[in-house]
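Raw contents of protein.csv, CSV, N, CA, C and O atoms:
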```csv
chain,number,residue,atom,x,y,z
H,1,SER,N,-3.1,-9.7,-34.3
H,1,SER,CA,-3.6,-9.6,-32.9
H,1,SER,C,-2.5,-9.3,-32.0
H,1,SER,O,-1.4,-9.6,-32.1
H,2,PHE,N,-2.9,-8.5,-30.9
H,2,PHE,CA,-1.9,-8.1,-29.9
H,2,PHE,C,-1.3,-9.3,-29.2
H,2,PHE,O,-0.1,-9.4,-28.9
H,3,PHE,N,-2.1,-10.4,-29.0
H,3,PHE,CA,-1.7,-11.5,-28.3
H,3,PHE,C,-0.6,-12.3,-29.1
H,3,PHE,O,0.4,-12.7,-28.5
H,4,GLN,N,-0.8,-12.4,-30.4
H,4,GLN,CA,0.2,-13.1,-31.2
H,4,GLN,C,1.5,-12.3,-31.2
H,4,GLN,O,2.6,-12.9,-31.2
H,5,ALA,N,1.4,-11.0,-31.3
H,5,ALA,CA,2.6,-10.2,-31.4
H,5,ALA,C,3.5,-10.4,-30.1
H,5,ALA,O,4.7,-10.2,-30.1
H,6,LEU,N,2.8,-10.7,-29.0
H,6,LEU,CA,3.5,-10.8,-27.7
H,6,LEU,C,3.7,-12.3,-27.3
H,6,LEU,O,4.1,-12.6,-26.2
H,7,ASP,N,3.5,-13.2,-28.2
H,7,ASP,CA,3.6,-14.6,-28.0
H,7,ASP,C,2.8,-15.1,-26.8
H,7,ASP,O,3.3,-15.9,-26.0
H,8,ILE,N,1.5,-14.7,-26.7
H,8,ILE,CA,0.6,-15.1,-25.7
H,8,ILE,C,-0.4,-16.0,-26.3
H,8,ILE,O,-1.2,-15.6,-27.1
H,9,PRO,N,-0.4,-17.3,-25.9
H,9,PRO,CA,-1.3,-18.3,-26.4
H,9,PRO,C,-2.7,-18.0,-26.0
H,9,PRO,O,-3.0,-17.7,-24.8
H,10,THR,N,-3.7,-18.0,-26.9
H,10,THR,CA,-5.1,-17.8,-26.6
H,10,THR,C,-6.0,-18.8,-27.3
H,10,THR,O,-5.5,-19.5,-28.2
H,11,LYS,N,-7.2,-18.8,-26.9
H,11,LYS,CA,-8.2,-19.6,-27.6
H,11,LYS,C,-9.6,-18.9,-27.5
H,11,LYS,O,-9.8,-18.0,-26.6
H,12,ILE,N,-10.4,-19.1,-28.5
H,12,ILE,CA,-11.7,-18.5,-28.5
H,12,ILE,C,-12.7,-19.4,-27.8
H,12,ILE,O,-12.8,-20.6,-28.3
H,13,SER,N,-13.4,-19.0,-26.8
H,13,SER,CA,-14.4,-19.8,-26.1
H,13,SER,C,-15.6,-19.0,-25.8
H,13,SER,O,-15.6,-18.0,-25.2
H,14,LYS,N,-16.8,-19.5,-26.3
H,14,LYS,CA,-18.1,-18.8,-26.1
H,14,LYS,C,-18.0,-17.3,-26.5
H,14,LYS,O,-18.5,-16.5,-25.8
H,15,GLY,N,-17.4,-17.1,-27.6
H,15,GLY,CA,-17.3,-15.7,-28.2
H,15,GLY,C,-16.4,-14.8,-27.5
H,15,GLY,O,-16.3,-13.6,-27.8
H,16,THR,N,-15.5,-15.3,-26.6
H,16,THR,CA,-14.5,-14.4,-25.9
H,16,THR,C,-13.1,-15.0,-26.1
H,16,THR,O,-13.0,-16.2,-26.3
H,17,VAL,N,-12.1,-14.2,-26.0
H,17,VAL,CA,-10.8,-14.6,-26.1
H,17,VAL,C,-10.2,-15.0,-24.8
H,17,VAL,O,-10.3,-14.2,-23.8
H,18,GLU,N,-9.7,-16.2,-24.6
H,18,GLU,CA,-9.1,-16.6,-23.3
H,18,GLU,C,-7.6,-16.7,-23.5
H,18,GLU,O,-7.1,-17.3,-24.4
H,19,ILE,N,-6.9,-16.3,-22.5
H,19,ILE,CA,-5.5,-16.5,-22.4
H,19,ILE,C,-5.3,-17.8,-21.7
H,19,ILE,O,-5.7,-18.0,-20.6
H,20,THR,N,-4.6,-18.7,-22.4
H,20,THR,CA,-4.5,-20.1,-21.9
H,20,THR,C,-3.3,-20.3,-21.0
H,20,THR,O,-3.3,-21.3,-20.3
H,21,VAL,N,-2.3,-19.5,-21.1
H,21,VAL,CA,-1.1,-19.6,-20.2
H,21,VAL,C,-0.8,-18.3,-19.6
H,21,VAL,O,-0.8,-17.3,-20.2
H,22,GLU,N,-0.4,-18.4,-18.3
H,22,GLU,CA,0.0,-17.1,-17.6
H,22,GLU,C,1.3,-16.7,-18.1
H,22,GLU,O,2.3,-17.5,-18.3
H,23,LYS,N,1.4,-15.4,-18.5
H,23,LYS,CA,2.7,-14.9,-19.1
H,23,LYS,C,2.9,-13.5,-18.6
H,23,LYS,O,2.0,-12.6,-18.6
H,24,GLN,N,4.1,-13.2,-18.1
H,24,GLN,CA,4.4,-11.8,-17.7
H,24,GLN,C,5.0,-11.1,-18.9
H,24,GLN,O,6.0,-11.6,-19.5
H,25,VAL,N,4.4,-9.9,-19.2
H,25,VAL,CA,4.9,-9.2,-20.4
H,25,VAL,C,5.8,-8.0,-20.0
H,25,VAL,O,6.5,-7.5,-20.9
H,26,LEU,N,5.8,-7.7,-18.8
H,26,LEU,CA,6.7,-6.6,-18.3
H,26,LEU,C,7.4,-7.0,-17.0
H,26,LEU,O,6.9,-7.7,-16.2
H,27,PHE,N,8.6,-6.5,-16.9
H,27,PHE,CA,9.4,-6.7,-15.7
H,27,PHE,C,9.8,-5.3,-15.2
H,27,PHE,O,9.8,-4.3,-15.9
H,28,VAL,N,10.2,-5.3,-13.9
H,28,VAL,CA,10.6,-4.0,-13.3
H,28,VAL,C,11.8,-3.4,-14.1
H,28,VAL,O,12.7,-4.1,-14.4
H,29,GLY,N,11.6,-2.1,-14.5
H,29,GLY,CA,12.7,-1.5,-15.2
H,29,GLY,C,12.5,-1.5,-16.7
H,29,GLY,O,13.2,-0.8,-17.4
H,30,ASP,N,11.6,-2.4,-17.2
H,30,ASP,CA,11.4,-2.4,-18.7
H,30,ASP,C,10.7,-1.2,-19.2
H,30,ASP,O,9.9,-0.6,-18.4
H,31,LYS,N,11.0,-0.8,-20.4
H,31,LYS,CA,10.3,0.3,-21.0
H,31,LYS,C,9.0,-0.3,-21.7
H,31,LYS,O,9.1,-1.4,-22.2
H,32,VAL,N,7.9,0.4,-21.5
H,32,VAL,CA,6.6,-0.1,-22.1
H,32,VAL,C,6.5,0.4,-23.5
H,32,VAL,O,6.5,1.6,-23.8
H,33,ASP,N,6.5,-0.6,-24.5
H,33,ASP,CA,6.4,-0.2,-25.9
H,33,ASP,C,4.9,0.0,-26.2
H,33,ASP,O,4.0,-0.3,-25.4
H,34,SER,N,4.6,0.4,-27.4
H,34,SER,CA,3.2,0.7,-27.8
H,34,SER,C,2.3,-0.5,-27.8
H,34,SER,O,1.1,-0.4,-27.4
H,35,SER,N,2.8,-1.7,-28.3
H,35,SER,CA,2.0,-2.9,-28.4
H,35,SER,C,1.6,-3.4,-27.0
H,35,SER,O,0.5,-3.8,-26.7
H,36,VAL,N,2.6,-3.4,-26.1
H,36,VAL,CA,2.3,-3.8,-24.7
H,36,VAL,C,1.3,-2.8,-24.0
H,36,VAL,O,0.4,-3.2,-23.4
H,37,SER,N,1.5,-1.6,-24.3
H,37,SER,CA,0.7,-0.5,-23.7
H,37,SER,C,-0.8,-0.7,-24.2
H,37,SER,O,-1.7,-0.6,-23.4
H,38,ALA,N,-0.9,-0.9,-25.5
H,38,ALA,CA,-2.3,-1.1,-26.1
H,38,ALA,C,-3.0,-2.4,-25.5
H,38,ALA,O,-4.1,-2.3,-25.2
H,39,LEU,N,-2.2,-3.5,-25.4
H,39,LEU,CA,-2.8,-4.7,-24.8
H,39,LEU,C,-3.2,-4.5,-23.4
H,39,LEU,O,-4.3,-4.9,-23.0
H,40,LEU,N,-2.3,-3.9,-22.6
H,40,LEU,CA,-2.7,-3.7,-21.2
H,40,LEU,C,-3.9,-2.7,-21.0
H,40,LEU,O,-4.7,-2.9,-20.1
H,41,ALA,N,-4.0,-1.8,-21.9
H,41,ALA,CA,-5.1,-0.8,-21.9
H,41,ALA,C,-6.4,-1.6,-22.2
H,41,ALA,O,-7.4,-1.4,-21.5
H,42,LYS,N,-6.4,-2.5,-23.2
H,42,LYS,CA,-7.6,-3.3,-23.5
H,42,LYS,C,-8.0,-4.2,-22.3
H,42,LYS,O,-9.1,-4.4,-22.1
H,43,LEU,N,-7.0,-4.7,-21.6
H,43,LEU,CA,-7.2,-5.5,-20.4
H,43,LEU,C,-7.5,-4.7,-19.1
H,43,LEU,O,-7.7,-5.3,-18.1
H,44,LYS,N,-7.4,-3.4,-19.2
H,44,LYS,CA,-7.6,-2.5,-18.1
H,44,LYS,C,-6.6,-2.8,-17.0
H,44,LYS,O,-7.0,-2.9,-15.8
H,45,ILE,N,-5.4,-3.0,-17.4
H,45,ILE,CA,-4.3,-3.2,-16.4
H,45,ILE,C,-3.3,-2.0,-16.5
H,45,ILE,O,-2.9,-1.6,-17.6
H,46,SER,N,-3.0,-1.5,-15.4
H,46,SER,CA,-2.0,-0.4,-15.4
H,46,SER,C,-0.6,-0.9,-14.9
H,46,SER,O,-0.5,-1.4,-13.8
H,47,PRO,N,0.4,-0.8,-15.8
H,47,PRO,CA,1.7,-1.4,-15.4
H,47,PRO,C,2.5,-0.5,-14.5
H,47,PRO,O,3.6,-0.8,-14.2
H,48,PHE,N,2.0,0.6,-14.1
H,48,PHE,CA,2.7,1.6,-13.4
H,48,PHE,C,2.4,1.6,-11.9
H,48,PHE,O,1.2,1.5,-11.5
H,49,TRP,N,3.4,1.8,-11.1
H,49,TRP,CA,3.2,1.9,-9.6
H,49,TRP,C,4.2,2.9,-9.1
H,49,TRP,O,5.3,2.9,-9.5
H,50,TYR,N,3.6,3.8,-8.4
H,50,TYR,CA,4.5,4.9,-7.9
H,50,TYR,C,4.5,4.9,-6.3
H,50,TYR,O,3.5,4.6,-5.7
H,51,ALA,N,5.7,5.2,-5.8
H,51,ALA,CA,5.8,5.2,-4.3
H,51,ALA,C,7.1,6.0,-4.0
H,51,ALA,O,8.0,6.1,-4.8
H,52,ALA,N,7.0,6.7,-2.9
H,52,ALA,CA,8.2,7.4,-2.4
H,52,ALA,C,9.2,6.4,-1.8
H,52,ALA,O,8.8,5.5,-1.1
H,53,GLU,N,10.4,6.6,-2.1
H,53,GLU,CA,11.4,5.7,-1.5
H,53,GLU,C,12.5,6.5,-0.8
H,53,GLU,O,13.1,7.4,-1.3
H,54,ILE,N,12.7,6.2,0.5
H,54,ILE,CA,13.6,6.9,1.3
H,54,ILE,C,15.0,6.5,1.0
H,54,ILE,O,15.3,5.3,1.1
H,55,GLU,N,15.9,7.4,0.6
H,55,GLU,CA,17.3,7.0,0.4
H,55,GLU,C,18.2,7.5,1.6
H,55,GLU,O,19.1,6.8,2.0
H,56,PHE,N,17.8,8.7,2.1
H,56,PHE,CA,18.6,9.2,3.2
H,56,PHE,C,17.6,9.9,4.2
H,56,PHE,O,16.6,10.4,3.7
H,57,TYR,N,18.1,10.0,5.4
H,57,TYR,CA,17.3,10.7,6.4
H,57,TYR,C,18.2,11.6,7.2
H,57,TYR,O,19.3,11.1,7.7
H,58,PHE,N,17.9,12.8,7.4
H,58,PHE,CA,18.8,13.8,8.1
H,58,PHE,C,18.1,14.3,9.3
H,58,PHE,O,17.0,14.7,9.3
H,59,GLN,N,18.8,14.1,10.5
H,59,GLN,CA,18.2,14.5,11.8
H,59,GLN,C,19.3,14.9,12.7
H,59,GLN,O,20.3,14.2,12.9
H,60,ASP,N,19.2,16.1,13.3
H,60,ASP,CA,20.1,16.6,14.3
H,60,ASP,C,21.6,16.6,13.8
H,60,ASP,O,22.5,16.2,14.5
H,61,GLY,N,21.8,16.9,12.5
H,61,GLY,CA,23.1,17.0,12.0
H,61,GLY,C,23.7,15.6,11.6
H,61,GLY,O,24.8,15.5,11.2
H,62,LEU,N,22.9,14.6,11.7
H,62,LEU,CA,23.3,13.2,11.3
H,62,LEU,C,22.6,12.7,10.1
H,62,LEU,O,21.4,13.0,9.9
H,63,LEU,N,23.3,12.0,9.2
H,63,LEU,CA,22.7,11.5,7.9
H,63,LEU,C,22.6,10.0,8.0
H,63,LEU,O,23.6,9.3,8.3
H,64,PHE,N,21.4,9.5,7.9
H,64,PHE,CA,21.1,8.1,8.0
H,64,PHE,C,20.7,7.5,6.6
H,64,PHE,O,20.1,8.2,5.9
H,65,THR,N,21.1,6.3,6.3
H,65,THR,CA,20.7,5.7,5.1
H,65,THR,C,19.4,4.9,5.3
H,65,THR,O,19.0,4.7,6.5
H,66,ALA,N,18.8,4.4,4.3
H,66,ALA,CA,17.6,3.6,4.4
H,66,ALA,C,17.9,2.3,5.2
H,66,ALA,O,17.0,1.8,5.9
H,67,ASP,N,19.1,1.8,5.0
H,67,ASP,CA,19.5,0.6,5.7
H,67,ASP,C,19.5,0.8,7.2
H,67,ASP,O,19.2,-0.1,8.0
H,68,ASP,N,20.0,2.0,7.6
H,68,ASP,CA,20.0,2.4,9.0
H,68,ASP,C,18.6,2.4,9.7
H,68,ASP,O,18.5,2.1,10.8
H,69,LEU,N,17.6,2.7,8.9
H,69,LEU,CA,16.3,2.8,9.4
H,69,LEU,C,15.5,1.5,9.3
H,69,LEU,O,14.4,1.5,9.9
H,70,SER,N,16.0,0.5,8.7
H,70,SER,CA,15.3,-0.7,8.6
H,70,SER,C,15.6,-1.7,9.7
H,70,SER,O,16.6,-2.4,9.7
H,71,LEU,N,14.9,-1.6,10.8
H,71,LEU,CA,15.1,-2.4,12.0
H,71,LEU,C,14.2,-3.6,12.0
H,71,LEU,O,13.0,-3.4,11.7
H,72,THR,N,14.7,-4.8,12.3
H,72,THR,CA,13.8,-5.9,12.5
H,72,THR,C,14.0,-6.4,13.9
H,72,THR,O,14.8,-6.0,14.6
H,73,ALA,N,13.1,-7.3,14.3
H,73,ALA,CA,13.2,-7.9,15.6
H,73,ALA,C,14.5,-8.5,15.9
H,73,ALA,O,15.0,-8.5,17.0
H,74,THR,N,15.1,-9.2,14.9
H,74,THR,CA,16.4,-9.8,15.0
H,74,THR,C,17.5,-8.8,15.3
H,74,THR,O,18.3,-9.1,16.2
H,75,VAL,N,17.5,-7.7,14.6
H,75,VAL,CA,18.5,-6.7,14.8
H,75,VAL,C,18.4,-6.1,16.3
H,75,VAL,O,19.4,-5.9,17.0
H,76,ILE,N,17.2,-5.9,16.7
H,76,ILE,CA,17.0,-5.3,18.1
H,76,ILE,C,17.4,-6.3,19.1
H,76,ILE,O,18.0,-6.0,20.1
H,77,GLU,N,17.0,-7.6,18.9
H,77,GLU,CA,17.4,-8.7,19.8
H,77,GLU,C,18.9,-8.8,19.9
H,77,GLU,O,19.5,-8.9,21.0
H,78,GLU,N,19.6,-8.7,18.8
H,78,GLU,CA,21.1,-8.8,18.8
H,78,GLU,C,21.7,-7.7,19.5
H,78,GLU,O,22.7,-7.8,20.2
H,79,SER,N,21.1,-6.5,19.3
H,79,SER,CA,21.7,-5.3,20.0
H,79,SER,C,21.5,-5.4,21.5
H,79,SER,O,22.4,-5.0,22.3
H,80,MET,N,20.3,-5.9,21.9
H,80,MET,CA,20.0,-6.1,23.4
H,80,MET,C,21.0,-7.1,24.0
H,80,MET,O,21.5,-6.9,25.1
H,81,MET,N,21.2,-8.2,23.3
H,81,MET,CA,22.1,-9.3,23.8
H,81,MET,C,23.5,-8.8,23.9
H,81,MET,O,24.2,-9.1,24.9
H,82,SER,N,23.9,-7.9,23.0
H,82,SER,CA,25.2,-7.4,23.0
H,82,SER,C,25.4,-6.4,24.2
H,82,SER,O,26.4,-6.4,24.9
H,83,ALA,N,24.3,-5.6,24.4
H,83,ALA,CA,24.4,-4.7,25.6
H,83,ALA,C,24.4,-5.4,26.9
H,83,ALA,O,25.1,-5.0,27.8
H,84,ILE,N,23.6,-6.5,27.0
H,84,ILE,CA,23.6,-7.3,28.2
H,84,ILE,C,24.9,-7.9,28.5
H,84,ILE,O,25.5,-8.0,29.6
H,85,SER,N,25.5,-8.4,27.4
H,85,SER,CA,26.9,-9.0,27.5
H,85,SER,C,27.9,-8.0,27.9
H,85,SER,O,28.8,-8.3,28.8
H,86,ASN,N,27.9,-6.8,27.4
H,86,ASN,CA,28.8,-5.7,27.8
H,86,ASN,C,28.6,-5.4,29.3
H,86,ASN,O,29.6,-5.1,30.0
H,87,LEU,N,27.3,-5.3,29.7
H,87,LEU,CA,27.0,-4.9,31.1
H,87,LEU,C,27.6,-6.0,32.0
H,87,LEU,O,28.1,-5.7,33.1
H,88,THR,N,27.4,-7.3,31.7
H,88,THR,CA,27.9,-8.4,32.5
H,88,THR,C,29.4,-8.3,32.6
H,88,THR,O,30.0,-8.4,33.7
H,89,ALA,N,30.1,-8.1,31.4
H,89,ALA,CA,31.6,-8.0,31.5
H,89,ALA,C,32.0,-6.8,32.3
H,89,ALA,O,33.0,-7.0,33.1
H,90,MET,N,31.4,-5.7,32.2
H,90,MET,CA,31.7,-4.5,33.0
H,90,MET,C,31.5,-4.8,34.5
H,90,MET,O,32.3,-4.4,35.4
H,91,SER,N,30.4,-5.4,34.8
H,91,SER,CA,30.1,-5.7,36.2
H,91,SER,C,31.1,-6.7,36.8
H,91,SER,O,31.6,-6.5,37.9
H,92,LEU,N,31.5,-7.7,36.1
H,92,LEU,CA,32.5,-8.6,36.6
H,92,LEU,C,33.9,-8.0,36.7
H,92,LEU,O,34.6,-8.2,37.6
H,93,ALA,N,34.2,-7.1,35.7
H,93,ALA,CA,35.6,-6.4,35.8
H,93,ALA,C,35.7,-5.5,36.9
H,93,ALA,O,36.8,-5.3,37.5
H,94,THR,N,34.6,-4.8,37.3
H,94,THR,CA,34.7,-3.8,38.4
H,94,THR,C,34.4,-4.4,39.7
H,94,THR,O,34.6,-3.8,40.8
H,95,GLY,N,33.9,-5.6,39.8
H,95,GLY,CA,33.6,-6.3,41.0
H,95,GLY,C,32.2,-5.9,41.6
H,95,GLY,O,31.9,-6.2,42.7
H,96,ILE,N,31.5,-5.1,40.8
H,96,ILE,CA,30.1,-4.7,41.3
H,96,ILE,C,29.2,-5.6,40.6
H,96,ILE,O,28.9,-5.6,39.4
H,97,LEU,N,28.7,-6.5,41.4
H,97,LEU,CA,27.8,-7.5,40.9
H,97,LEU,C,26.3,-7.0,40.9
H,97,LEU,O,25.9,-6.3,41.8
H,98,THR,N,25.6,-7.4,39.9
H,98,THR,CA,24.2,-7.0,39.8
H,98,THR,C,23.3,-8.2,40.3
H,98,THR,O,23.7,-9.3,40.1
H,99,GLU,N,22.2,-7.9,40.9
H,99,GLU,CA,21.3,-8.9,41.3
H,99,GLU,C,20.1,-9.0,40.4
H,99,GLU,O,19.5,-8.0,40.0
H,100,ALA,N,19.7,-10.2,40.2
H,100,ALA,CA,18.4,-10.4,39.4
H,100,ALA,C,17.3,-10.2,40.4
H,100,ALA,O,17.3,-10.6,41.5
H,101,PRO,N,16.2,-9.6,39.9
H,101,PRO,CA,15.1,-9.3,40.8
H,101,PRO,C,14.4,-10.6,41.2
H,101,PRO,O,14.4,-11.6,40.6
```
Taking this structure as input, can you express it in the form of structure tokens?
Amino acid sequence: SFFQALDIPTKISKGTVEITVEKQVLFVGDKVDSSVSALLAKLKISPFWYAAEIEFYFQDGLLFTADDLSLTATVIEESMMSAISNLTAMSLATGILTEAP
């Protein structure tokens, strides 16, 4: 049986085979061998997933990495706080004070 070859515990109940314990048979990067492929085909499970992954982005002569493009609210907030802090320091250093509305 395919299940025994992959160490998947099963039982027969009401004429059907039941898998009694959840078990992952593939991990990311694993090669799919013929026995795993046959089992997954019988269960109508496709172990493959395809997606485009951005590694670099080129714009106006500049090359950006995927990390450069991944902005979160925290990163934007930190950038804004840094800009406000720099503006405050420049305002105090030049003697030109800004007014809050």
- Task: Could you pull out the residues in chain H that DSSP calls alpha helix (DSSP H) from the backbone, as a ChimeraX atom specification?
- Result: /H:2-5,34-42,66-69,73-94
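For the residues H:Val21, H:Ile96, H:Thr16, H:Phe2, ranking by smallest atom-to-atom distance to H:Ala41 using only C-alpha atoms places H:Phe2 first.
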- Query: Which neighbours of H:Phe48 fall inside 10 Å, counting only C-alpha atoms, when residues of the same chain fewer than 2 positions from it are skipped, and could you give them as an MDAnalysis selection string?
  - Reply: chainID H and resid 28 32 45:46 50
- Message: As an exercise, work out the distance from atom C of H:Gly15 to atom N of H:Phe3 in Å and give it to one decimal place.
- Response: 15.0 Å
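The spacing separating atom CA of H:Glu55 from atom CA of H:Asp67 amounts to 8.6 Å.
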- Task: Mind the document's chain letters and residue numbers, and return as a PyMOL selection string the residues of chain H that DSSP labels strand (DSSP E).
- Result: chain H and resi 10-13+16-19+56-59+62-65
Would you fill the gaps in stretch 39-48 of chain H so it has all heavy atoms, then print it as a PDB file, keeping the file's coordinate frame?
```pdb
ATOM      1  N   LEU H  39      -2.200  -3.500 -25.400  1.00  0.00           N
ATOM      2  CA  LEU H  39      -2.800  -4.700 -24.800  1.00  0.00           C
ATOM      3  C   LEU H  39      -3.200  -4.500 -23.400  1.00  0.00           C
ATOM      4  O   LEU H  39      -4.300  -4.900 -23.000  1.00  0.00           O
ATOM      5  CB  LEU H  39      -1.746  -5.836 -24.924  1.00  0.00           C
ATOM      6  CG  LEU H  39      -2.155  -7.136 -24.246  1.00  0.00           C
ATOM      7  CD1 LEU H  39      -3.411  -7.710 -24.897  1.00  0.00           C
ATOM      8  CD2 LEU H  39      -1.035  -8.139 -24.269  1.00  0.00           C
ATOM      9  N   LEU H  40      -2.300  -3.900 -22.600  1.00  0.00           N
ATOM     10  CA  LEU H  40      -2.700  -3.700 -21.200  1.00  0.00           C
ATOM     11  C   LEU H  40      -3.900  -2.700 -21.000  1.00  0.00           C
ATOM     12  O   LEU H  40      -4.700  -2.900 -20.100  1.00  0.00           O
ATOM     13  CB  LEU H  40      -1.462  -3.152 -20.411  1.00  0.00           C
ATOM     14  CG  LEU H  40      -0.302  -4.149 -20.299  1.00  0.00           C
ATOM     15  CD1 LEU H  40       0.888  -3.504 -19.617  1.00  0.00           C
ATOM     16  CD2 LEU H  40      -0.711  -5.419 -19.579  1.00  0.00           C
ATOM     17  N   ALA H  41      -4.000  -1.800 -21.900  1.00  0.00           N
ATOM     18  CA  ALA H  41      -5.100  -0.800 -21.900  1.00  0.00           C
ATOM     19  C   ALA H  41      -6.400  -1.600 -22.200  1.00  0.00           C
ATOM     20  O   ALA H  41      -7.400  -1.400 -21.500  1.00  0.00           O
ATOM     21  CB  ALA H  41      -4.904   0.304 -22.864  1.00  0.00           C
ATOM     22  N   LYS H  42      -6.400  -2.500 -23.200  1.00  0.00           N
ATOM     23  CA  LYS H  42      -7.600  -3.300 -23.500  1.00  0.00           C
ATOM     24  C   LYS H  42      -8.000  -4.200 -22.300  1.00  0.00           C
ATOM     25  O   LYS H  42      -9.100  -4.400 -22.100  1.00  0.00           O
ATOM     26  CB  LYS H  42      -7.305  -4.152 -24.721  1.00  0.00           C
ATOM     27  CG  LYS H  42      -7.330  -3.379 -26.020  1.00  0.00           C
ATOM     28  CD  LYS H  42      -7.196  -4.343 -27.178  1.00  0.00           C
ATOM     29  CE  LYS H  42      -7.186  -3.633 -28.490  1.00  0.00           C
ATOM     30  NZ  LYS H  42      -8.478  -3.125 -28.896  1.00  0.00           N
ATOM     31  N   LEU H  43      -7.000  -4.700 -21.600  1.00  0.00           N
ATOM     32  CA  LEU H  43      -7.200  -5.500 -20.400  1.00  0.00           C
ATOM     33  C   LEU H  43      -7.500  -4.700 -19.100  1.00  0.00           C
ATOM     34  O   LEU H  43      -7.700  -5.300 -18.100  1.00  0.00           O
ATOM     35  CB  LEU H  43      -6.082  -6.501 -20.198  1.00  0.00           C
ATOM     36  CG  LEU H  43      -5.819  -7.489 -21.335  1.00  0.00           C
ATOM     37  CD1 LEU H  43      -4.540  -8.267 -21.079  1.00  0.00           C
ATOM     38  CD2 LEU H  43      -6.985  -8.424 -21.527  1.00  0.00           C
ATOM     39  N   LYS H  44      -7.400  -3.400 -19.200  1.00  0.00           N
ATOM     40  CA  LYS H  44      -7.600  -2.500 -18.100  1.00  0.00           C
ATOM     41  C   LYS H  44      -6.600  -2.800 -17.000  1.00  0.00           C
ATOM     42  O   LYS H  44      -7.000  -2.900 -15.800  1.00  0.00           O
ATOM     43  CB  LYS H  44      -9.053  -2.563 -17.590  1.00  0.00           C
ATOM     44  CG  LYS H  44     -10.051  -2.083 -18.620  1.00  0.00           C
ATOM     45  CD  LYS H  44     -11.453  -2.117 -18.103  1.00  0.00           C
ATOM     46  CE  LYS H  44     -12.375  -1.666 -19.237  1.00  0.00           C
ATOM     47  NZ  LYS H  44     -13.752  -1.898 -18.993  1.00  0.00           N
ATOM     48  N   ILE H  45      -5.400  -3.000 -17.400  1.00  0.00           N
ATOM     49  CA  ILE H  45      -4.300  -3.200 -16.400  1.00  0.00           C
ATOM     50  C   ILE H  45      -3.300  -2.000 -16.500  1.00  0.00           C
ATOM     51  O   ILE H  45      -2.900  -1.600 -17.600  1.00  0.00           O
ATOM     52  CB  ILE H  45      -3.504  -4.497 -16.774  1.00  0.00           C
ATOM     53  CG1 ILE H  45      -4.432  -5.696 -16.643  1.00  0.00           C
ATOM     54  CG2 ILE H  45      -2.285  -4.653 -15.883  1.00  0.00           C
ATOM     55  CD1 ILE H  45      -3.815  -7.001 -17.098  1.00  0.00           C
ATOM     56  N   SER H  46      -3.000  -1.500 -15.400  1.00  0.00           N
ATOM     57  CA  SER H  46      -2.000  -0.400 -15.400  1.00  0.00           C
ATOM     58  C   SER H  46      -0.600  -0.900 -14.900  1.00  0.00           C
ATOM     59  O   SER H  46      -0.500  -1.400 -13.800  1.00  0.00           O
ATOM     60  CB  SER H  46      -2.450   0.727 -14.389  1.00  0.00           C
ATOM     61  OG  SER H  46      -1.468   1.717 -14.294  1.00  0.00           O
ATOM     62  N   PRO H  47       0.400  -0.800 -15.800  1.00  0.00           N
ATOM     63  CA  PRO H  47       1.700  -1.400 -15.400  1.00  0.00           C
ATOM     64  C   PRO H  47       2.500  -0.500 -14.500  1.00  0.00           C
ATOM     65  O   PRO H  47       3.600  -0.800 -14.200  1.00  0.00           O
ATOM     66  CB  PRO H  47       2.367  -1.583 -16.774  1.00  0.00           C
ATOM     67  CG  PRO H  47       1.814  -0.456 -17.585  1.00  0.00           C
ATOM     68  CD  PRO H  47       0.383  -0.307 -17.129  1.00  0.00           C
ATOM     69  N   PHE H  48       2.000   0.600 -14.100  1.00  0.00           N
ATOM     70  CA  PHE H  48       2.700   1.600 -13.400  1.00  0.00           C
ATOM     71  C   PHE H  48       2.400   1.600 -11.900  1.00  0.00           C
ATOM     72  O   PHE H  48       1.200   1.500 -11.500  1.00  0.00           O
ATOM     73  CB  PHE H  48       2.560   2.998 -13.965  1.00  0.00           C
ATOM     74  CG  PHE H  48       2.922   3.041 -15.418  1.00  0.00           C
ATOM     75  CD1 PHE H  48       1.938   3.070 -16.392  1.00  0.00           C
ATOM     76  CD2 PHE H  48       4.243   3.018 -15.817  1.00  0.00           C
ATOM     77  CE1 PHE H  48       2.266   3.090 -17.726  1.00  0.00           C
ATOM     78  CE2 PHE H  48       4.587   3.032 -17.155  1.00  0.00           C
ATOM     79  CZ  PHE H  48       3.593   3.070 -18.115  1.00  0.00           C
TER      80      PHE H  48
END
```
